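Undergrad: Structure file entry-v4.txt (compact mmCIF, C-alpha atoms) is given on the next line.
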```
# COMPACT_ATOMS: atom_id res chain seq x y z
CA MET K 1 11.38 -7.13 -17.29
CA GLN K 2 9.38 -8.50 -14.41
CA VAL K 3 8.41 -6.15 -11.59
CA LYS K 4 6.88 -6.85 -8.21
CA ILE K 5 3.93 -4.68 -7.27
CA ALA K 6 2.61 -4.35 -3.72
CA LEU K 7 -1.17 -4.05 -3.52
CA PHE K 8 -3.26 -2.38 -0.86
CA GLY K 9 -6.87 -1.70 0.04
CA ILE K 10 -9.37 -2.20 -2.74
CA THR K 11 -6.67 -3.00 -5.33
CA LYS K 12 -5.74 -6.06 -3.29
CA GLU K 13 -9.34 -7.26 -3.62
CA ILE K 14 -9.64 -6.39 -7.31
CA ILE K 15 -6.45 -8.23 -8.27
CA GLY K 16 -6.91 -10.93 -5.64
CA ALA K 17 -3.41 -10.87 -4.10
CA SER K 18 -1.22 -8.64 -1.95
CA LYS K 19 1.76 -8.93 -4.33
CA LEU K 20 1.72 -9.12 -8.10
CA ASN K 21 4.56 -10.24 -10.39
CA TYR K 22 4.02 -8.32 -13.58
CA GLN K 23 5.68 -8.35 -16.98
CA LEU K 24 6.63 -5.01 -18.54
CA SER K 25 8.73 -3.84 -21.47
CA GLU K 26 12.31 -2.89 -20.50
CA THR K 27 11.63 0.80 -21.10
CA ALA K 28 8.24 0.96 -19.38
CA ASP K 29 7.23 4.06 -17.47
CA VAL K 30 4.60 4.61 -14.81
CA ASN K 31 1.95 5.64 -17.30
CA GLN K 32 2.39 2.41 -19.28
CA LEU K 33 2.20 0.34 -16.13
CA LEU K 34 -1.06 2.03 -15.12
CA ASN K 35 -2.54 1.61 -18.60
CA ASN K 36 -1.59 -2.07 -18.72
CA LEU K 37 -2.98 -2.74 -15.27
CA ARG K 38 -6.25 -0.94 -16.09
CA ALA K 39 -6.57 -3.05 -19.24
CA ASP K 40 -5.86 -6.31 -17.40
CA TYR K 41 -8.05 -5.45 -14.41
CA PRO K 42 -10.91 -3.25 -15.69
CA ALA K 43 -12.33 -2.73 -12.17
CA LEU K 44 -9.32 -0.45 -11.55
CA GLN K 45 -10.81 2.00 -14.07
CA LYS K 46 -13.72 2.67 -11.72
CA LEU K 47 -11.59 3.97 -8.84
CA SER K 48 -11.60 7.69 -7.94
CA SER K 49 -7.84 7.77 -8.39
CA LEU K 50 -4.95 5.37 -8.88
CA MET K 51 -1.32 6.24 -8.23
CA ILE K 52 1.96 4.38 -8.42
CA ALA K 53 4.54 4.66 -5.68
CA VAL K 54 8.19 3.88 -6.42
CA ASN K 55 10.56 3.37 -3.51
CA ASP K 56 8.14 4.97 -1.02
CA ASP K 57 7.42 8.11 -3.07
CA TYR K 58 4.59 8.99 -5.43
CA ALA K 59 5.82 8.57 -8.99
CA THR K 60 5.21 10.88 -11.94
CA PRO K 61 3.59 9.39 -15.10
CA GLU K 62 6.83 9.76 -17.12
CA GLN K 63 9.03 8.12 -14.51
CA THR K 64 10.75 5.03 -15.91
CA LEU K 65 10.76 1.81 -13.94
CA SER K 66 13.41 -0.78 -13.22
CA ALA K 67 13.15 -4.37 -12.03
CA HIS K 68 14.72 -3.43 -8.69
CA ASP K 69 12.20 -0.73 -7.83
CA GLU K 70 9.82 -1.25 -4.97
CA ILE K 71 6.55 -0.55 -6.73
CA ALA K 72 3.14 -0.16 -5.09
CA LEU K 73 -0.32 0.51 -6.43
CA ILE K 74 -2.01 3.26 -4.42
CA PRO K 75 -5.82 3.51 -4.56
CA PRO K 76 -7.55 6.57 -2.99
CA VAL K 77 -6.09 7.06 0.49
CA CYS K 78 -8.21 7.94 3.51
CA GLY K 79 -6.32 7.82 6.75
CA GLY K 80 -7.21 9.81 9.84
CA MET V 1 7.62 10.11 17.39
CA ILE V 2 6.29 9.16 13.95
CA ALA V 3 4.78 5.70 13.76
CA ILE V 4 2.23 3.21 12.48
CA THR V 5 1.07 0.92 15.26
CA GLU V 6 -1.15 -2.13 15.49
CA GLY V 7 -2.19 -1.86 19.12
CA PRO V 8 -4.20 0.89 20.84
CA ILE V 9 -2.49 4.30 20.75
CA ASN V 10 -1.17 5.58 24.08
CA THR V 11 -2.38 9.18 23.79
CA GLN V 12 -0.48 10.33 26.86
CA ALA V 13 2.78 8.97 25.43
CA VAL V 14 2.18 10.95 22.21
CA ILE V 15 1.59 14.13 24.24
CA ASP V 16 4.63 13.47 26.44
CA ALA V 17 6.76 13.08 23.30
CA VAL V 18 6.23 16.74 22.35
CA GLN V 19 6.81 18.32 25.72
CA ALA V 20 9.50 20.99 25.46
CA ASP V 21 10.72 23.75 27.73
CA GLY V 22 10.19 26.30 24.98
CA ALA V 23 6.56 25.28 24.44
CA GLY V 24 3.69 27.44 25.64
CA ALA V 25 1.10 25.25 23.92
CA ILE V 26 0.54 21.62 23.03
CA ASN V 27 -2.25 20.98 20.57
CA VAL V 28 -3.60 17.44 20.27
CA PHE V 29 -5.82 15.99 17.57
CA ILE V 30 -7.43 12.59 18.07
CA GLY V 31 -9.23 11.03 15.12
CA THR V 32 -11.76 8.46 16.37
CA VAL V 33 -14.00 5.82 14.84
CA ARG V 34 -17.52 7.19 14.33
CA ASN V 35 -20.56 4.92 14.66
CA GLN V 36 -22.19 5.93 11.40
CA THR V 37 -21.61 7.10 7.84
CA GLN V 38 -24.43 9.11 6.27
CA ALA V 39 -26.90 7.79 8.86
CA LYS V 40 -25.89 4.16 8.22
CA PRO V 41 -24.59 2.36 11.34
CA VAL V 42 -20.93 1.35 11.20
CA ILE V 43 -19.93 -1.76 13.15
CA GLN V 44 -16.14 -1.45 12.95
CA LEU V 45 -13.31 -0.10 10.79
CA ASP V 46 -10.35 -1.92 9.28
CA PHE V 47 -7.28 0.21 8.60
CA GLU V 48 -4.53 -0.90 6.25
CA ALA V 49 -1.23 0.93 5.79
CA TYR V 50 1.78 0.79 3.49
CA ASP V 51 3.98 1.11 6.55
CA SER V 52 7.33 2.22 5.14
CA MET V 53 5.84 4.83 2.82
CA ALA V 54 3.28 5.97 5.41
CA VAL V 55 6.02 6.70 7.95
CA LYS V 56 8.09 8.49 5.30
CA LYS V 57 5.13 10.66 4.25
CA MET V 58 4.19 11.46 7.85
CA GLN V 59 7.78 12.54 8.49
CA GLU V 60 7.68 14.75 5.40
CA ILE V 61 4.44 16.37 6.59
CA ALA V 62 5.99 16.98 10.01
CA ASN V 63 9.01 18.60 8.30
CA GLN V 64 6.77 20.78 6.10
CA ALA V 65 4.84 21.94 9.18
CA ALA V 66 8.10 22.75 10.95
CA GLU V 67 9.08 25.00 8.04
CA ARG V 68 5.83 26.97 8.29
CA TRP V 69 5.34 27.22 12.07
CA PRO V 70 7.77 27.51 15.01
CA ILE V 71 7.26 23.91 16.08
CA GLN V 72 9.16 22.68 19.10
CA LYS V 73 8.22 19.04 18.62
CA VAL V 74 5.67 17.04 16.69
CA ALA V 75 4.36 13.49 17.10
CA ILE V 76 2.10 11.53 14.74
CA VAL V 77 0.90 8.00 15.47
CA HIS V 78 -1.58 6.21 13.22
CA ARG V 79 -3.11 2.88 14.03
CA LYS V 80 -3.83 0.01 11.65
CA GLY V 81 -5.83 -3.20 11.97
CA THR V 82 -9.39 -3.56 13.23
CA LEU V 83 -10.78 -0.71 15.35
CA GLN V 84 -14.01 -0.54 17.30
CA ILE V 85 -16.34 2.46 17.59
CA GLY V 86 -14.81 5.23 19.71
CA GLU V 87 -11.21 4.04 19.41
CA ALA V 88 -8.48 6.44 18.29
CA ALA V 89 -7.24 5.87 14.74
CA VAL V 90 -4.74 8.72 14.79
CA VAL V 91 -3.19 10.96 17.44
CA ILE V 92 -1.23 14.08 16.52
CA ALA V 93 0.49 16.35 19.03
CA VAL V 94 2.29 19.60 18.26
CA SER V 95 4.11 21.90 20.66
CA THR V 96 4.81 25.56 19.85
CA PRO V 97 5.76 28.67 21.86
CA HIS V 98 2.23 30.17 21.44
CA ARG V 99 -1.16 28.53 20.93
CA LYS V 100 -2.22 29.88 17.53
CA ALA V 101 0.62 28.15 15.69
CA SER V 102 -0.12 24.87 17.45
CA PHE V 103 -3.75 24.89 16.24
CA GLU V 104 -2.75 25.79 12.70
CA ALA V 105 0.08 23.26 12.47
CA CYS V 106 -2.06 20.47 13.89
CA GLU V 107 -4.85 21.18 11.39
CA TYR V 108 -2.34 21.27 8.53
CA ILE V 109 -0.89 17.94 9.58
CA ILE V 110 -4.21 16.06 9.80
CA ASP V 111 -5.54 17.61 6.57
CA THR V 112 -2.38 16.72 4.65
CA LEU V 113 -2.15 13.27 6.21
CA LYS V 114 -5.63 12.45 4.90
CA GLN V 115 -4.59 13.47 1.38
CA VAL V 116 -1.18 11.86 0.97
CA VAL V 117 -0.38 9.19 3.55
CA PRO V 118 -0.99 5.68 2.14
CA ILE V 119 -3.54 4.43 4.63
CA TRP V 120 -6.90 2.92 3.71
CA LYS V 121 -10.01 2.18 5.69
CA LYS V 122 -12.81 -0.21 5.16
CA GLU V 123 -16.11 0.41 6.88
CA LYS V 124 -17.98 -2.64 8.01
CA PHE V 125 -21.78 -2.31 7.91
CA GLU V 126 -24.54 -4.80 8.79
CA ASP V 127 -24.89 -5.63 5.10
CA GLY V 128 -21.27 -5.60 3.92
CA ASP V 129 -17.93 -3.79 3.69
CA VAL V 130 -16.94 -0.63 1.81
CA TRP V 131 -13.45 0.75 1.10
CA VAL V 132 -13.90 4.44 1.96
CA ALA V 133 -13.39 6.94 -0.90
CA ALA V 134 -12.42 4.22 -3.39
CA HIS V 135 -15.13 5.12 -5.89
CA PRO V 136 -16.44 8.52 -7.03
```
So that I can check it, write out the structure of this file as structure tokens.
TA:
Amino acid sequence: MQVKIALFGITKEIIGASKLNYQLSETADVNQLLNNLRADYPALQKLSSLMIAVNDDYATPEQTLSAHDEIALIPPVCGG
Amino acid sequence: MIAITEGPINTQAVIDAVQADGAGAINVFIGTVRNQTQAKPVIQLDFEAYDSMAVKKMQEIANQAAERWPIQKVAIVHRKGTLQIGEAAVVIAVSTPHRKASFEACEYIIDTLKQVVPIWKKEKFEDGDVWVAAHP
């Protein structure tokens, strides 16, 4: 399946876009997505943390994904 | 009032939003742009937010605070875009019947906001830009 991933902060600079269309196996979970992204974009491995948000909530590593999910890559946050 | 905004934050409007007849205290936190990071001069800050999730998380934090303290009303407004030194990046106001709870709730809200709300800042120095906290 193809998913759309919203990118923010430093991940937007690493990947070079604010949205990424990304190919995943039909049964992919969050952990697989993170591993694939880290392999494709090695600079992501250097970040202090990297989370995935699905439909405006932080996702667990085992959470499965669907093509309709609103997915975002969340580098270390630092508001305030 | 829970919001991400692009223009300057109207601090008085945030305070007014939490006024309540049952309140004996309103505690306000204003996070501002500091002119240096570890003795290195900062020129300006760029804030980026994942708006929909940021508002959802700020609302959740407000709800969590309301479960722990007798909050009358709470308001959280965070700014995004380019900010100059001294400008307010975030304003939080909490009203409670007595002052102690207002201090505690306000501190809880800003501490938790910094940990979970998807907002990022980039510090601009004379010699380049750095995404804060991105690397260990």
Undergrad: Using 9 Å as the limit and counting all atoms listed in the file, can you tabulate each residue of chain V that touches chain K, with its shortest atom-to-atom distance in Å and the two atoms involved, as a tab-separated table?
TA:
```
residue	atom	partner	partner_atom	distance
V:Ile30	CA	K:Gly80	CA	8.7
V:Gly31	CA	K:Gly80	CA	5.8
V:Thr32	CA	K:Gly80	CA	8.1
V:Phe47	CA	K:Gly79	CA	7.9
V:Glu48	CA	K:Gly9	CA	6.7
V:Ala49	CA	K:Phe8	CA	7.7
V:Tyr50	CA	K:Phe8	CA	7.4
V:Ser52	CA	K:Asp56	CA	6.8
V:Met53	CA	K:Asp56	CA	4.5
V:Ala54	CA	K:Asp56	CA	8.1
V:Lys56	CA	K:Asp56	CA	7.2
V:Lys57	CA	K:Asp57	CA	8.1
V:His78	CA	K:Gly80	CA	7.5
V:Ala89	CA	K:Gly80	CA	6.3
V:Val90	CA	K:Gly80	CA	5.6
V:Val91	CA	K:Gly80	CA	8.7
V:Ile110	CA	K:Gly80	CA	6.9
V:Asp111	CA	K:Gly80	CA	8.6
V:Leu113	CA	K:Gly79	CA	6.9
V:Lys114	CA	K:Gly79	CA	5.0
V:Gln115	CA	K:Val77	CA	6.6
V:Val116	CA	K:Val77	CA	6.9
V:Val117	CA	K:Val77	CA	6.8
V:Pro118	CA	K:Val77	CA	5.5
V:Ile119	CA	K:Gly79	CA	4.9
V:Trp120	CA	K:Cys78	CA	5.2
V:Lys121	CA	K:Cys78	CA	6.4
V:Lys122	CA	K:Gly9	CA	8.0
V:Val130	CA	K:Ile10	CA	9.0
V:Trp131	CA	K:Ile10	CA	6.3
V:Val132	CA	K:Cys78	CA	6.9
V:Ala133	CA	K:Pro76	CA	6.2
V:Ala134	CA	K:Pro76	CA	5.4
V:His135	CA	K:Leu47	CA	4.7
V:Pro136	CA	K:Ser48	CA	5.0
```
Undergrad: Enter the distance from CA of Pro8 (chain V) to CA of Gly81 (chain V), in Å, rounded to one decimal.
TA: 9.9 Å
Undergrad: Can you tell me which residues surround Val3 (chain K) at a distance of at most 7 Å, considering all atoms listed in the file, apart from same-chain residues fewer than 6 positions away, and format the answer as a ChimeraX atom specification?
TA: /K:21-23,67
Undergrad: As a list of chain:residue names, please: the residues near Thr82 (chain V) (cut-off 7 Å, all atoms listed in the file, same-chain neighbours under 2 positions excluded).
TA: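 Final neighbour list, sorted by chain and number: V:Leu45, V:Asp46, V:Phe47, V:Lys80, V:Gln84.
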Undergrad: Just the number, please: distance in Å from CA of Asn63 (chain V) to CA of Asp16 (chain V), one decimal.
TA: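 Distance between the two atoms: 19.4 Å.
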Undergrad: Report, in Å to a single decimal, how far apart CA of Ile109 (chain V) and CA of Ile2 (chain V) are.
TA: 12.2 Å
Undergrad: Have a look at V:Ile26, V:Met1, V:Cys106, V:Val18 and name the one nearest to Ile76 (chain V); count only C-alpha atoms.
TA: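 Using only C-alpha atoms, Ile76 (chain V) sits closest to V:Met1.
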Undergrad: Near Ile15 (chain V), within 12 Å and counting only C-alpha atoms, which residues show up once chain neighbours fewer than 5 positions away are dropped, as a list of chain:residue names?
TA: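 The residues that qualify are V:Met1, V:Ile9, V:Asn10, V:Ala20, V:Ala25, V:Ile26, V:Asn27, V:Val28, V:Phe29, V:Ile30, V:Lys73, V:Val74, V:Ala75, V:Ile76, V:Val77, V:Val91, V:Ile92, V:Ala93, V:Val94, V:Ser95.
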Undergrad: If you take every atom of region 15-18 of chain V that the file lists and fit an axis-aligned box around them with 6 Å extra on each side, what centre and edge lengths come out in Å to one decimal, as AutoDock Vina command-line options?
TA:
```
--center_x 4.2 --center_y 14.9 --center_z 24.4 --size_x 17.2 --size_y 15.7 --size_z 16.1
```
Undergrad: Of the candidates K:Ile14, K:Leu73, K:Gln2, K:Thr64, which shows the shortest atom-to-atom distance to Asn31 (chain K), using all atoms listed in the file?
TA: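 Smallest separation from Asn31 (chain K) among the options: K:Thr64.
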Undergrad: Please check which residues have atoms at most 9 Å from (7.6, 4.0, -19.5) in the file's coordinates, counting only C-alpha atoms, and write them as a list of chain:residue names.
TA: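 The distance filter leaves exactly K:Ser25, K:Glu26, K:Thr27, K:Ala28, K:Asp29, K:Val30, K:Asn31, K:Gln32, K:Leu33, K:Pro61, K:Glu62, K:Gln63, K:Thr64, K:Leu65.
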